[in-house]
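Printed here is target_3.cif (mmCIF, C-alpha atoms):
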```
data_protein
#
loop_
_atom_site.label_atom_id
_atom_site.label_comp_id
_atom_site.auth_asym_id
_atom_site.auth_seq_id
_atom_site.Cartn_x
_atom_site.Cartn_y
_atom_site.Cartn_z
CA MET A 241 21.33 -14.92 18.45
CA SER A 242 20.06 -14.64 22.04
CA GLU A 243 22.99 -12.35 22.88
CA TYR A 244 22.15 -10.09 19.91
CA LEU A 245 18.50 -9.82 21.00
CA GLU A 246 19.50 -9.04 24.56
CA GLU A 247 22.02 -6.39 23.51
CA ASN A 248 19.41 -4.65 21.37
CA ASN A 249 16.51 -5.03 23.83
CA ILE A 250 14.48 -7.15 21.38
CA PRO A 251 11.98 -9.66 22.83
CA GLY A 252 11.89 -13.21 21.52
CA ILE A 253 10.29 -16.59 22.17
CA THR A 254 11.58 -20.15 21.97
CA GLY A 255 10.40 -23.69 22.48
CA ILE A 256 7.05 -23.37 20.67
CA ASP A 257 5.59 -25.67 18.00
CA THR A 258 5.81 -23.43 14.93
CA ARG A 259 3.75 -25.86 12.85
CA LYS A 260 0.90 -25.64 15.34
CA LEU A 261 1.21 -21.84 15.29
CA THR A 262 1.02 -21.85 11.48
CA ARG A 263 -2.12 -24.01 11.54
CA SER A 264 -3.69 -21.73 14.14
CA ILE A 265 -3.13 -18.63 12.00
CA ARG A 266 -4.36 -20.49 8.91
CA ASP A 267 -7.58 -21.61 10.60
CA LYS A 268 -8.39 -18.63 12.83
CA GLY A 269 -6.57 -15.76 11.17
CA SER A 270 -4.03 -13.29 12.57
CA ARG A 271 -4.71 -12.14 16.13
CA LYS A 272 -3.28 -10.00 18.89
CA VAL A 273 -0.59 -11.65 21.02
CA ILE A 274 1.39 -10.73 24.11
CA ILE A 275 4.98 -11.60 24.98
CA THR A 276 5.56 -11.16 28.68
CA ASP A 277 7.78 -12.22 31.55
CA ILE A 278 7.33 -15.82 32.77
CA ASN A 279 6.38 -14.48 36.19
CA THR A 280 3.37 -12.56 34.83
CA ASP A 281 0.09 -14.04 36.02
CA LYS A 282 -1.85 -15.66 33.17
CA GLU A 283 -5.11 -13.88 33.98
CA LYS A 284 -3.31 -10.56 34.19
CA ALA A 285 -1.65 -11.18 30.80
CA LEU A 286 -4.99 -12.06 29.19
CA LYS A 287 -6.54 -8.90 30.64
CA MET A 288 -3.67 -6.79 29.27
CA LEU A 289 -4.11 -8.40 25.85
CA LYS A 290 -7.88 -7.87 25.79
CA GLU A 291 -7.60 -4.21 26.79
CA TYR A 292 -4.81 -3.35 24.35
CA LYS A 293 -5.99 -1.22 21.42
CA LEU A 294 -4.21 -1.59 18.12
CA PRO A 295 -2.67 1.72 16.97
CA ASN A 296 -4.44 3.70 14.26
CA ASP A 297 -1.66 6.19 13.54
CA ALA A 298 0.82 3.94 11.74
CA VAL A 299 1.15 6.17 8.67
CA SER A 300 1.93 9.29 10.71
CA LYS A 301 4.86 7.42 12.28
CA VAL A 302 6.48 6.35 9.01
CA SER A 303 5.68 9.25 6.65
CA CYS A 304 8.40 11.84 6.05
CA LYS A 305 8.17 14.91 8.26
CA LYS A 306 9.04 17.44 5.58
CA ARG A 307 9.15 17.73 1.81
CA TRP A 308 12.16 16.31 -0.05
CA TYR A 309 13.20 15.87 -3.66
CA SER A 310 14.62 13.21 -5.95
CA ARG A 311 15.87 14.57 -9.27
CA THR A 312 16.86 12.86 -12.48
CA SER A 313 18.74 13.97 -15.59
CA ASN A 314 16.69 15.34 -18.50
CA PRO A 315 13.36 15.15 -16.67
CA GLU A 316 10.15 15.13 -18.66
CA PHE A 317 7.62 15.26 -15.82
CA ASN A 318 7.22 16.49 -12.26
CA ILE A 319 5.51 14.06 -9.88
CA VAL A 320 4.27 14.66 -6.35
CA ALA A 321 4.45 11.46 -4.28
CA ILE A 322 2.33 11.22 -1.12
CA ASP A 323 4.54 9.39 1.39
CA CYS A 324 2.56 6.99 3.56
CA GLY A 325 5.61 4.82 4.22
CA MET A 326 6.89 4.70 0.67
CA LYS A 327 9.58 2.32 -0.55
CA LEU A 328 12.53 4.16 -2.06
CA ASN A 329 12.63 1.87 -5.08
CA ILE A 330 9.33 3.42 -6.18
CA VAL A 331 11.05 6.82 -6.30
CA ARG A 332 13.94 5.29 -8.25
CA SER A 333 11.48 3.68 -10.67
CA LEU A 334 9.83 7.06 -11.32
CA ASN A 335 13.23 8.73 -11.73
CA LYS A 336 14.19 6.07 -14.25
CA LYS A 337 11.10 6.93 -16.28
CA GLY A 338 12.16 10.58 -16.56
CA CYS A 339 10.30 12.01 -13.56
CA ASN A 340 11.51 14.50 -11.02
CA VAL A 341 9.79 13.48 -7.78
CA THR A 342 8.73 15.72 -4.90
CA ILE A 343 7.97 13.57 -1.87
CA VAL A 344 5.56 15.13 0.64
CA PRO A 345 4.14 14.07 4.04
CA TYR A 346 0.83 12.21 4.15
CA ASN A 347 -1.01 15.21 5.63
CA THR A 348 -0.03 17.68 2.89
CA THR A 349 -3.08 19.66 1.75
CA ALA A 350 -4.55 19.77 -1.74
CA GLU A 351 -3.73 23.47 -1.92
CA GLU A 352 -0.06 22.82 -1.17
CA ILE A 353 0.11 20.16 -3.88
CA ILE A 354 -1.58 22.39 -6.46
CA GLU A 355 1.06 25.05 -5.75
CA LEU A 356 3.76 22.53 -6.73
CA LYS A 357 2.18 22.31 -10.22
CA PRO A 358 2.66 18.56 -10.67
CA ASP A 359 2.07 16.66 -13.89
CA GLY A 360 0.79 13.70 -11.86
CA ILE A 361 0.35 12.36 -8.34
CA PHE A 362 1.56 9.10 -6.84
CA ILE A 363 -0.11 7.60 -3.72
CA SER A 364 2.32 5.32 -1.90
CA ASN A 365 2.21 2.08 0.01
CA GLY A 366 2.27 2.07 3.81
CA PRO A 367 1.18 0.24 6.98
CA GLY A 368 -2.10 -0.13 8.81
CA ASN A 369 -5.80 0.25 8.15
CA PRO A 370 -6.51 2.47 5.12
CA GLU A 371 -9.63 3.87 6.78
CA ASP A 372 -7.39 5.53 9.39
CA VAL A 373 -5.67 7.75 6.81
CA VAL A 374 -8.52 10.22 6.32
CA GLU A 375 -6.16 12.99 5.20
CA VAL A 376 -5.05 11.11 2.10
CA ILE A 377 -8.54 9.82 1.30
CA GLU A 378 -9.86 13.38 1.33
CA LEU A 379 -6.89 14.56 -0.71
CA ILE A 380 -7.68 12.01 -3.43
CA ARG A 381 -11.33 13.12 -3.44
CA GLN A 382 -10.30 16.74 -3.96
CA LEU A 383 -7.72 16.11 -6.69
CA ARG A 384 -9.12 13.15 -8.65
CA GLY A 385 -9.78 14.05 -12.25
CA LYS A 386 -7.46 17.07 -12.01
CA TYR A 387 -4.21 15.10 -12.28
CA PRO A 388 -3.30 11.58 -13.42
CA MET A 389 -2.90 9.39 -10.31
CA PHE A 390 -1.19 6.06 -9.63
CA GLY A 391 -1.48 4.20 -6.32
CA ILE A 392 0.28 1.15 -4.89
CA CYS A 393 -0.83 -1.09 -1.99
CA LEU A 394 -2.19 1.23 0.75
CA GLY A 395 -2.51 3.88 -1.96
CA HIS A 396 -4.67 1.44 -3.93
CA GLN A 397 -6.96 0.89 -0.95
CA MET A 398 -7.29 4.61 -0.24
CA ILE A 399 -8.20 5.33 -3.86
CA GLY A 400 -11.01 2.80 -3.51
CA LEU A 401 -12.23 4.46 -0.31
CA ALA A 402 -12.07 7.91 -1.91
CA TYR A 403 -14.49 6.74 -4.60
CA GLY A 404 -16.92 5.27 -2.08
CA ALA A 405 -15.82 1.63 -2.06
CA LYS A 406 -15.21 -0.30 1.17
CA THR A 407 -12.18 -2.16 2.51
CA TYR A 408 -11.93 -5.13 4.89
CA LYS A 409 -9.24 -6.95 6.86
CA LEU A 410 -8.03 -10.21 5.35
CA LYS A 411 -7.94 -13.34 7.50
CA PHE A 412 -4.13 -13.45 7.50
CA GLY A 413 -3.02 -11.05 4.79
CA HIS A 414 -0.93 -11.53 1.67
CA ARG A 415 2.80 -11.91 2.30
CA GLY A 416 5.71 -12.86 0.06
CA GLY A 417 6.98 -12.67 -3.48
CA ASN A 418 5.04 -15.39 -5.24
CA HIS A 419 1.39 -14.30 -5.51
CA PRO A 420 -0.22 -15.06 -8.91
CA ILE A 421 -2.34 -12.21 -10.26
CA LYS A 422 -4.50 -12.19 -13.38
CA ASN A 423 -4.37 -9.04 -15.46
CA LEU A 424 -7.93 -8.80 -16.76
CA LYS A 425 -6.88 -6.38 -19.51
CA THR A 426 -4.29 -8.71 -21.04
CA ASP A 427 -5.61 -12.06 -19.75
CA LYS A 428 -2.09 -12.88 -18.56
CA ILE A 429 -0.83 -14.09 -15.18
CA GLU A 430 1.75 -12.06 -13.25
CA ILE A 431 3.77 -13.25 -10.26
CA THR A 432 3.81 -10.45 -7.71
CA SER A 433 5.31 -9.28 -4.42
CA GLN A 434 2.81 -8.48 -1.66
CA ASN A 435 2.69 -7.43 1.99
CA HIS A 436 -0.68 -6.19 3.22
CA SER A 437 -3.56 -7.00 5.58
CA TYR A 438 -6.48 -5.21 3.90
CA ALA A 439 -8.31 -5.48 0.58
CA ILE A 440 -11.01 -3.66 -1.38
CA ASP A 441 -14.50 -5.16 -1.22
CA GLU A 442 -15.32 -5.96 -4.85
CA GLU A 443 -19.09 -5.76 -4.35
CA SER A 444 -18.76 -2.18 -3.07
CA LEU A 445 -17.03 -1.12 -6.30
CA LYS A 446 -20.30 -1.51 -8.21
CA LYS A 447 -21.53 1.78 -6.77
CA THR A 448 -18.40 3.66 -7.91
CA ASN A 449 -16.79 4.74 -11.18
CA LEU A 450 -13.94 2.26 -10.65
CA VAL A 451 -13.53 -1.01 -12.53
CA VAL A 452 -11.44 -4.04 -11.57
CA THR A 453 -8.30 -4.60 -13.68
CA HIS A 454 -6.46 -7.30 -11.71
CA LYS A 455 -7.61 -10.27 -9.57
CA ASN A 456 -5.78 -12.56 -7.16
CA ILE A 457 -5.76 -16.15 -8.47
CA LEU A 458 -5.51 -17.65 -4.97
CA ASP A 459 -8.47 -15.96 -3.26
CA ASN A 460 -10.11 -13.83 -5.99
CA THR A 461 -9.47 -10.56 -4.15
CA VAL A 462 -9.23 -7.26 -6.01
CA GLU A 463 -5.64 -6.49 -7.05
CA GLY A 464 -6.11 -3.54 -9.41
CA ILE A 465 -8.67 -0.82 -10.23
CA GLU A 466 -8.96 2.13 -12.58
CA CYS A 467 -11.16 5.04 -13.61
CA LYS A 468 -10.29 5.96 -17.19
CA LYS A 469 -12.31 9.18 -17.10
CA ASP A 470 -10.30 10.51 -14.16
CA LYS A 471 -6.97 9.02 -15.39
CA ILE A 472 -6.46 7.17 -12.13
CA PHE A 473 -5.41 3.58 -11.47
CA SER A 474 -3.85 1.45 -8.75
CA VAL A 475 -2.61 -2.03 -7.85
CA GLN A 476 -2.53 -3.89 -4.56
CA TYR A 477 0.89 -5.46 -5.11
CA HIS A 478 4.40 -3.97 -5.48
CA PRO A 479 5.40 -3.62 -9.15
CA GLU A 480 8.78 -2.13 -8.21
CA SER A 481 9.85 -5.34 -6.44
CA ALA A 482 8.42 -8.23 -8.48
CA PRO A 483 10.46 -11.43 -8.22
CA GLY A 484 11.21 -12.16 -11.87
CA PRO A 485 12.02 -10.61 -15.24
CA GLN A 486 8.33 -9.82 -15.61
CA ASP A 487 8.68 -7.02 -13.06
CA SER A 488 5.44 -5.16 -13.78
CA GLU A 489 7.40 -2.16 -15.03
CA TYR A 490 4.59 -1.68 -17.54
CA LEU A 491 2.54 -0.08 -14.76
CA PHE A 492 5.01 2.79 -14.52
CA ASP A 493 4.85 3.02 -18.32
CA GLU A 494 1.05 3.27 -18.06
CA PHE A 495 1.44 6.14 -15.62
CA ILE A 496 3.84 7.89 -17.98
CA SER A 497 1.36 7.41 -20.82
CA LEU A 498 -1.33 9.12 -18.74
CA LEU A 499 1.05 12.01 -18.06
CA LYS A 500 1.77 12.42 -21.76
CA ASN A 501 -1.93 12.41 -22.64
CA LYS A 502 -3.34 14.22 -19.61
CA GLY A 503 -4.89 16.97 -21.72
CA GLU A 504 -6.89 14.58 -23.88
#
```
Rewrite the coordinates I just gave you, this time as structure tokens.
Amino acid sequence: MSEYLEENNIPGITGIDTRKLTRSIRDKGSRKVIITDINTDKEKALKMLKEYKLPNDAVSKVSCKKRWYSRTSNPEFNIVAIDCGMKLNIVRSLNKKGCNVTIVPYNTTAEEIIELKPDGIFISNGPGNPEDVVEVIELIRQLRGKYPMFGICLGHQMIGLAYGAKTYKLKFGHRGGNHPIKNLKTDKIEITSQNHSYAIDEESLKKTNLVVTHKNILDNTVEGIECKKDKIFSVQYHPESAPGPQDSEYLFDEFISLLKNKGE
């Protein structure tokens, strides 16, 4: 393993108490760290760590640079997907439901999307602080109510922000494929896949037109929201990659239902 890391110029650490590290993250939350050469002075390393600013342009680095398409046979709908770092299985899930998908960069304008004449809009997952992605937040504000919308993960957080809610950084985020979520509409528990650091502040939703549809059983955080009037909804977790037979495919079916009834 050390040879592989060296060949690919990947830093690594060894000889630490991983159980102590786990307890530290559990008690104090995730924090900035520095991996440096053993000869680096401790005070200098601490100064470098303190002065380092976390990047706020993560989405711009992972979004596609130009428009691309994913077609399916006998399509029924045309969807525009805003790529903020989107997982390809989301595109495949939409294709499977009879949607041609046009994937566009995160900074695509509302005017450009209107010209594509979509039946609905998908807001994707992605990395970083949702408050940094002002282009997508403004896009949602301009187009909400005009097209059915479905958001996942970062898309979920940005929908909340677009309606005037607030987001906050979790102590150590939600990671893994075993998070229990309660669907408040069906009163059933779903086991979900998650990977995010931010959440929507539930109290701030009271001043918006959004209602909570899903809650996290472990920490009671908001896992789903919707605005029926505007035909928009979102979830914090990843329905396209759930760990069991209950794979949350119904959420894509809900989106299709909105597309079929968008004129009502």
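Residues of protein, DNA and RNA with at least one atom no farther than 10 Å from (-8.3, 2.2, -16.5) are, using only C-alpha atoms, A:Lys425, A:Leu450, A:Val451, A:Val452, A:Thr453, A:Gly464, A:Ile465, A:Glu466, A:Cys467, A:Lys468, A:Lys469, A:Asp470, A:Lys471, A:Ile472, A:Phe473, A:Ser474, A:Glu494.
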Given the PyMOL selection byres ((chain A and resi 365) around 10), the residues it picks as a ChimeraX atom specification | /A:299,322-327,330,362-364,366-367,391-398,435-436,476-478
Given the PyMOL selection byres ((chain A and resi 304) around 9), the residues it picks as a PyMOL selection string = chain A and resi 300-303+305-308+323-325+343-346
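If all atoms listed in the file are the atoms counted, then among A:Lys500, A:Lys447, A:Lys290, A:His419 the closest residue to Pro479 of chain A is A:His419.
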Option closest in space to Asp427 of chain A, from A:Lys287, A:His414, A:His454, A:Lys406 [counting only C-alpha atoms] | A:His454
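Considering the residues A:Asn423, A:Leu458, A:Gly404, A:Val341 and counting only C-alpha atoms, Asp441 of chain A has its shortest atom-to-atom contact with A:Gly404.
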The PyMOL selection byres ((chain A and resi 335) around 10) applied to the shown file, residues as number ranges by chain = A: 310-313, 315-319, 329-334, 336-341
Expressed in Å, the length from atom CA of Leu379 of chain A to atom CA of Tyr438 of chain A is 20.3 Å
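Atom CA of Gly360 of chain A is positioned 16.6 Å from atom CA of Ile377 of chain A.
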So how many Å separate atom CA of Leu498 of chain A and atom CA of Ile361 of chain A, to one decimal?
-> 11.0 Å
Which is closest to Asn460 of chain A among A:Asp277, A:Ser481, A:Arg263, A:Pro420, if we use only C-alpha atoms?
-> A:Pro420
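Proximity of A:Glu352, A:Glu443, A:Glu375, A:Asp267 to Tyr408 of chain A, computed with all atoms listed in the file, is greatest for A:Glu443.
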All residues 12 Å or closer to segment 247-251 of chain A, all atoms listed in the file, same chain fewer than 5 positions away omitted, as an MDAnalysis selection string = chainID A and resid 241:242 274:277
